[in-house]
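As provided, coords.txt (compact mmCIF, C-alpha atoms) reads as follows.
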# COMPACT_ATOMS: atom_id res chain seq x y z
CA MET A 255 0.00 0.00 0.00
CA ASP A 256 0.96 3.62 -0.48
CA PRO A 257 2.31 4.95 2.87
CA THR A 258 1.02 8.42 2.04
CA GLY A 259 -2.51 7.16 2.40
CA CYS A 260 -4.12 5.92 -0.82
CA GLY A 261 -4.14 9.03 -2.96
CA ARG A 262 -5.74 11.80 -0.91
CA LYS A 263 -3.58 12.19 2.15
CA LEU A 264 -6.06 13.39 4.79
CA MET A 265 -4.34 12.94 8.15
CA HIS A 266 -1.88 10.33 9.39
CA ILE A 267 -2.41 8.72 12.79
CA VAL A 268 0.96 7.89 14.35
CA LEU A 269 1.31 5.76 17.48
CA VAL A 270 4.81 5.64 18.95
CA GLU A 271 5.44 2.40 20.86
CA PRO A 272 1.79 1.62 21.71
CA GLU A 273 1.40 -0.91 24.52
CA ILE A 274 -2.26 -1.92 24.73
CA PRO A 275 -3.65 -3.96 21.83
CA GLN A 276 -7.27 -3.01 22.52
CA ASN A 277 -6.44 0.70 22.15
CA THR A 278 -4.58 0.13 18.89
CA GLY A 279 -7.43 -2.02 17.61
CA SER A 280 -9.96 0.71 18.39
CA ILE A 281 -7.74 3.29 16.71
CA ALA A 282 -7.43 1.00 13.68
CA ARG A 283 -11.21 0.93 13.45
CA LEU A 284 -11.22 4.76 13.64
CA ALA A 285 -8.58 4.86 10.90
CA ALA A 286 -10.73 2.66 8.67
CA ALA A 287 -13.84 4.75 9.33
CA THR A 288 -12.07 8.00 8.42
CA GLY A 289 -9.75 6.85 5.65
CA SER A 290 -6.74 7.81 7.74
CA PRO A 291 -3.50 5.83 7.44
CA LEU A 292 -2.37 4.30 10.74
CA HIS A 293 1.37 4.19 11.44
CA LEU A 294 2.84 2.13 14.28
CA VAL A 295 6.34 3.31 15.16
CA GLY A 296 9.01 1.51 17.16
CA GLU A 297 8.64 -1.46 19.45
CA LEU A 298 5.05 -2.54 20.02
CA GLY A 299 3.84 -3.86 23.37
CA PHE A 300 1.96 -6.65 21.56
CA SER A 301 1.99 -8.73 18.42
CA LEU A 302 0.04 -7.62 15.36
CA GLU A 303 -1.52 -11.09 15.58
CA ASP A 304 -2.82 -10.42 19.13
CA ARG A 305 -6.41 -11.58 19.52
CA TYR A 306 -7.36 -8.49 21.54
CA LEU A 307 -6.00 -6.24 18.80
CA LYS A 308 -7.97 -8.13 16.16
CA ARG A 309 -11.09 -8.22 18.33
CA ALA A 310 -11.07 -4.45 18.97
CA GLY A 311 -10.70 -3.79 15.24
CA LEU A 312 -13.52 -6.24 14.47
CA ASP A 313 -13.86 -7.12 10.81
CA TYR A 314 -12.57 -3.71 9.66
CA TRP A 315 -8.92 -4.74 9.33
CA PRO A 316 -9.12 -5.11 5.52
CA PHE A 317 -10.05 -1.40 5.38
CA VAL A 318 -7.14 -0.18 7.53
CA ASP A 319 -4.12 1.33 5.78
CA LEU A 320 -1.65 0.02 8.36
CA TYR A 321 2.09 0.70 8.26
CA THR A 322 4.88 -0.15 10.66
CA HIS A 323 8.13 1.79 10.97
CA ASP A 324 11.27 0.85 12.89
CA ASP A 325 11.62 4.35 14.31
CA PHE A 326 10.29 7.89 13.96
CA ALA A 327 12.99 8.94 11.50
CA ASP A 328 11.93 6.08 9.21
CA PHE A 329 8.31 7.24 9.41
CA VAL A 330 9.22 10.82 8.45
CA ALA A 331 11.51 9.70 5.61
CA GLU A 332 8.98 7.26 4.15
CA VAL A 333 5.83 9.36 4.50
CA GLU A 334 7.08 12.97 4.34
CA PRO A 335 4.10 14.38 6.26
CA SER A 336 3.05 17.99 5.67
CA ALA A 337 3.44 18.87 9.35
CA LEU A 338 4.01 17.07 12.64
CA PHE A 339 1.66 17.54 15.60
CA GLY A 340 2.76 15.87 18.83
CA PHE A 341 0.33 15.44 21.73
CA SER A 342 1.13 15.31 25.43
CA THR A 343 -0.75 15.79 28.67
CA HIS A 344 2.09 18.14 29.70
CA ALA A 345 1.69 20.52 26.76
CA GLN A 346 0.31 24.04 27.14
CA ARG A 347 -1.46 24.59 23.81
CA SER A 348 -4.92 23.18 23.16
CA TYR A 349 -5.39 20.92 20.14
CA THR A 350 -8.20 23.28 19.03
CA GLU A 351 -5.65 26.08 18.47
CA ALA A 352 -3.74 24.04 15.89
CA ARG A 353 -4.42 24.52 12.19
CA TYR A 354 -4.45 21.17 10.44
CA ASN A 355 -3.94 20.43 6.74
CA GLU A 356 -4.08 17.38 4.52
CA GLY A 357 -1.05 15.18 4.96
CA ASP A 358 -0.37 16.23 8.56
CA ALA A 359 0.72 13.62 11.11
CA LEU A 360 -0.97 13.38 14.52
CA ILE A 361 1.59 11.80 16.84
CA PHE A 362 0.75 10.07 20.12
CA GLY A 363 3.01 8.26 22.58
CA SER A 364 2.53 5.05 24.50
CA GLU A 365 -0.18 4.67 27.10
CA SER A 366 2.13 4.56 30.13
CA ARG A 367 5.04 6.79 29.04
CA GLY A 368 3.69 9.17 26.42
CA LEU A 369 6.08 10.45 23.78
CA PRO A 370 9.81 9.79 24.28
CA ALA A 371 11.67 12.87 25.63
CA GLU A 372 13.79 13.38 22.52
CA LEU A 373 10.72 13.25 20.30
CA LYS A 374 8.88 15.73 22.54
CA GLN A 375 11.76 18.18 22.16
CA SER A 376 11.78 17.86 18.38
CA LEU A 377 8.00 18.31 18.12
CA ASP A 378 7.87 21.67 19.87
CA PRO A 379 5.24 22.99 20.26
CA LEU A 380 3.27 20.12 21.69
CA TRP A 381 -0.51 20.11 21.97
CA HIS A 382 -2.92 18.77 24.60
CA ILE A 383 -6.59 18.06 25.12
CA PRO A 384 -7.92 20.23 27.98
CA MET A 385 -9.52 18.30 30.83
CA PRO A 386 -11.58 20.59 33.05
CA GLY A 387 -12.28 17.81 35.55
CA THR A 388 -10.03 16.92 38.46
CA GLY A 389 -8.21 13.76 39.45
CA VAL A 390 -7.62 12.39 35.94
CA ARG A 391 -4.08 12.46 34.52
CA SER A 392 -4.96 11.57 30.95
CA LEU A 393 -7.59 10.29 28.56
CA ASN A 394 -7.63 6.83 27.05
CA LEU A 395 -5.34 6.82 23.99
CA ALA A 396 -8.11 5.77 21.59
CA ASN A 397 -10.36 8.55 22.89
CA ALA A 398 -7.60 11.15 22.58
CA VAL A 399 -6.82 10.14 18.99
CA SER A 400 -10.52 10.30 18.12
CA ILE A 401 -10.95 13.79 19.56
CA VAL A 402 -7.94 15.26 17.76
CA LEU A 403 -8.50 13.45 14.46
CA TYR A 404 -12.12 14.60 14.20
CA GLU A 405 -11.10 18.19 14.91
CA GLY A 406 -8.58 17.94 12.08
CA LEU A 407 -11.12 16.41 9.72
CA ARG A 408 -13.64 19.08 10.72
CA GLN A 409 -11.13 21.78 9.79
CA LEU A 410 -10.56 20.02 6.45
CA ALA A 411 -14.35 20.00 5.92
CA VAL A 412 -14.29 16.21 5.58
CA VAL A 413 -16.82 15.63 8.39

Write out the structure in this file as structure tokens.
Amino acid sequence: MDPTGCGRKLMHIVLVEPEIPQNTGSIARLAAATGSPLHLVGELGFSLEDRYLKRAGLDYWPFVDLYTHDDFADFVAEVEPSALFGFSTHAQRSYTEARYNEGDALIFGSESRGLPAELKQSLDPLWHIPMPGTGVRSLNLANAVSIVLYEGLRQLAVV
């Protein structure tokens, strides 16, 4: 498959070292529903044959443009995204302030560690999803990807 996303580039979903197969499976289903390529970068915390991964993605796997990359540099070299948007609970800027374009990459770190420190530094500025409630450190990864992706697609007038 074409790593730029089957012709029209929309937005790339990038998961760096994801750990939980159910989250990645749910995100794969989101990718299929929106026509967004899904890129898995680095060491995965599960096998792509994991039954929980397959179960969360249901029977949508044939519709997922799924790519794996050894590291982030490989992803950038292979895909050449228009812009890079990194997301972190520690960022100061809201994802709604970003201006998204076709071909942009939405980059999320692992569930327990977030983005690696060196990647966070290279992706300055980072963006976050505001959480007005108290006592919660972060959102579920699949929920966070959904929120940001749909804002980007809204700005592109796709949804």

Hey, which bits of region 273-375 of chain A sit within 8 Å of region 379-399 of chain A, and for each residue what's the closest pair of atoms and how far apart in Å (one decimal), counting all atoms listed in the file, rows by chain and increasing number, as CSV?
residue,atom,partner,partner_atom,distance
A:Asn277,CA,A:Ala396,CA,5.4
A:Thr278,CA,A:Ala396,CA,7.2
A:Ser280,CA,A:Ala396,CA,6.3
A:Ile281,CA,A:Ala396,CA,5.5
A:Phe339,CA,A:Leu380,CA,6.8
A:Gly340,CA,A:Leu380,CA,5.1
A:Phe341,CA,A:Trp381,CA,4.8
A:Ser342,CA,A:His382,CA,5.4
A:Thr343,CA,A:His382,CA,5.5
A:His344,CA,A:His382,CA,7.2
A:Ala345,CA,A:Trp381,CA,5.3
A:Gln346,CA,A:Trp381,CA,6.5
A:Arg347,CA,A:Trp381,CA,4.9
A:Ser348,CA,A:His382,CA,5.1
A:Tyr349,CA,A:Trp381,CA,5.3
A:Ala352,CA,A:Trp381,CA,7.9
A:Phe362,CA,A:Val399,CA,7.7
A:Glu365,CA,A:Leu395,CA,6.4
A:Lys374,CA,A:Leu380,CA,7.2

Two-atom distance - CA of Arg367 (chain A), CA of Lys308 (chain A) (Å):
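According to the coordinates, CA of Arg367 (chain A) and CA of Lys308 (chain A) are separated by 23.6 Å.
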
What's the 8 Å shell around region 315-322 of chain A, counting all atoms listed in the file, without same-chain residues fewer than 6 positions away, as a list in words?
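The contact residues come out as Met255, Pro257, Gly259, Ala282, Arg283, Ala285, Ala286, Gly289, Ser290, Pro291, Leu292, His293, Leu294, Val295, Gly296 and Lys308 of chain A.
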
Write out, as a PDB file, keeping the file's coordinate frame, the residues just selected, with C-alpha atoms.
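Final output, saved to again.pdb:
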ATOM      1  CA  MET A 255       0.000   0.000   0.000  1.00  0.00           C
ATOM      2  CA  PRO A 257       2.310   4.950   2.870  1.00  0.00           C
ATOM      3  CA  GLY A 259      -2.510   7.160   2.400  1.00  0.00           C
ATOM      4  CA  ALA A 282      -7.430   1.000  13.680  1.00  0.00           C
ATOM      5  CA  ARG A 283     -11.210   0.930  13.450  1.00  0.00           C
ATOM      6  CA  ALA A 285      -8.580   4.860  10.900  1.00  0.00           C
ATOM      7  CA  ALA A 286     -10.730   2.660   8.670  1.00  0.00           C
ATOM      8  CA  GLY A 289      -9.750   6.850   5.650  1.00  0.00           C
ATOM      9  CA  SER A 290      -6.740   7.810   7.740  1.00  0.00           C
ATOM     10  CA  PRO A 291      -3.500   5.830   7.440  1.00  0.00           C
ATOM     11  CA  LEU A 292      -2.370   4.300  10.740  1.00  0.00           C
ATOM     12  CA  HIS A 293       1.370   4.190  11.440  1.00  0.00           C
ATOM     13  CA  LEU A 294       2.840   2.130  14.280  1.00  0.00           C
ATOM     14  CA  VAL A 295       6.340   3.310  15.160  1.00  0.00           C
ATOM     15  CA  GLY A 296       9.010   1.510  17.160  1.00  0.00           C
ATOM     16  CA  LYS A 308      -7.970  -8.130  16.160  1.00  0.00           C
TER      17      LYS A 308
END

Nearest residue to Met265 (chain A) from the set A:Gln375, A:Ser301, A:Ile401, A:Thr288 (distances using all atoms listed in the file)
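Of A:Gln375, A:Ser301, A:Ile401, A:Thr288, the one nearest Met265 (chain A), counting all atoms listed in the file, is A:Thr288.
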
Take every atom of region 383-391 of chain A listed in the file, fit an axis-aligned box around them, add 4 Å per side, and give the centre and edge lengths in Å to one decimal as lines of an AutoDock Vina configuration file.
center_x = -8.2
center_y = 16.5
center_z = 32.3
size_x = 16.2
size_y = 16.2
size_z = 22.3

Between A:His266, A:Gly363, A:Glu271, A:Glu351, single out the one closest to Asp324 (chain A), counting only C-alpha atoms.
A:Glu271

So the first atom is CA of Pro275 (chain A) and the second is CA of Leu302 (chain A); what is the distance between them in Å, to one decimal place?
8.3 Å

For Ser376 (chain A), which residue out of A:Asp313, A:Phe326, A:Val402, A:Val413 is the nearest one, using all atoms listed in the file?
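Of A:Asp313, A:Phe326, A:Val402, A:Val413, the one nearest Ser376 (chain A), counting all atoms listed in the file, is A:Phe326.
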
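A straight line drawn from CA of Ser336 (chain A) to CA of Arg353 (chain A) is 11.9 Å long.
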
Please determine, counting only C-alpha atoms, which residue among A:Asp358, A:Glu332, A:Glu405, A:Glu372 has the shortest atom-to-atom distance to Leu264 (chain A).
A:Asp358
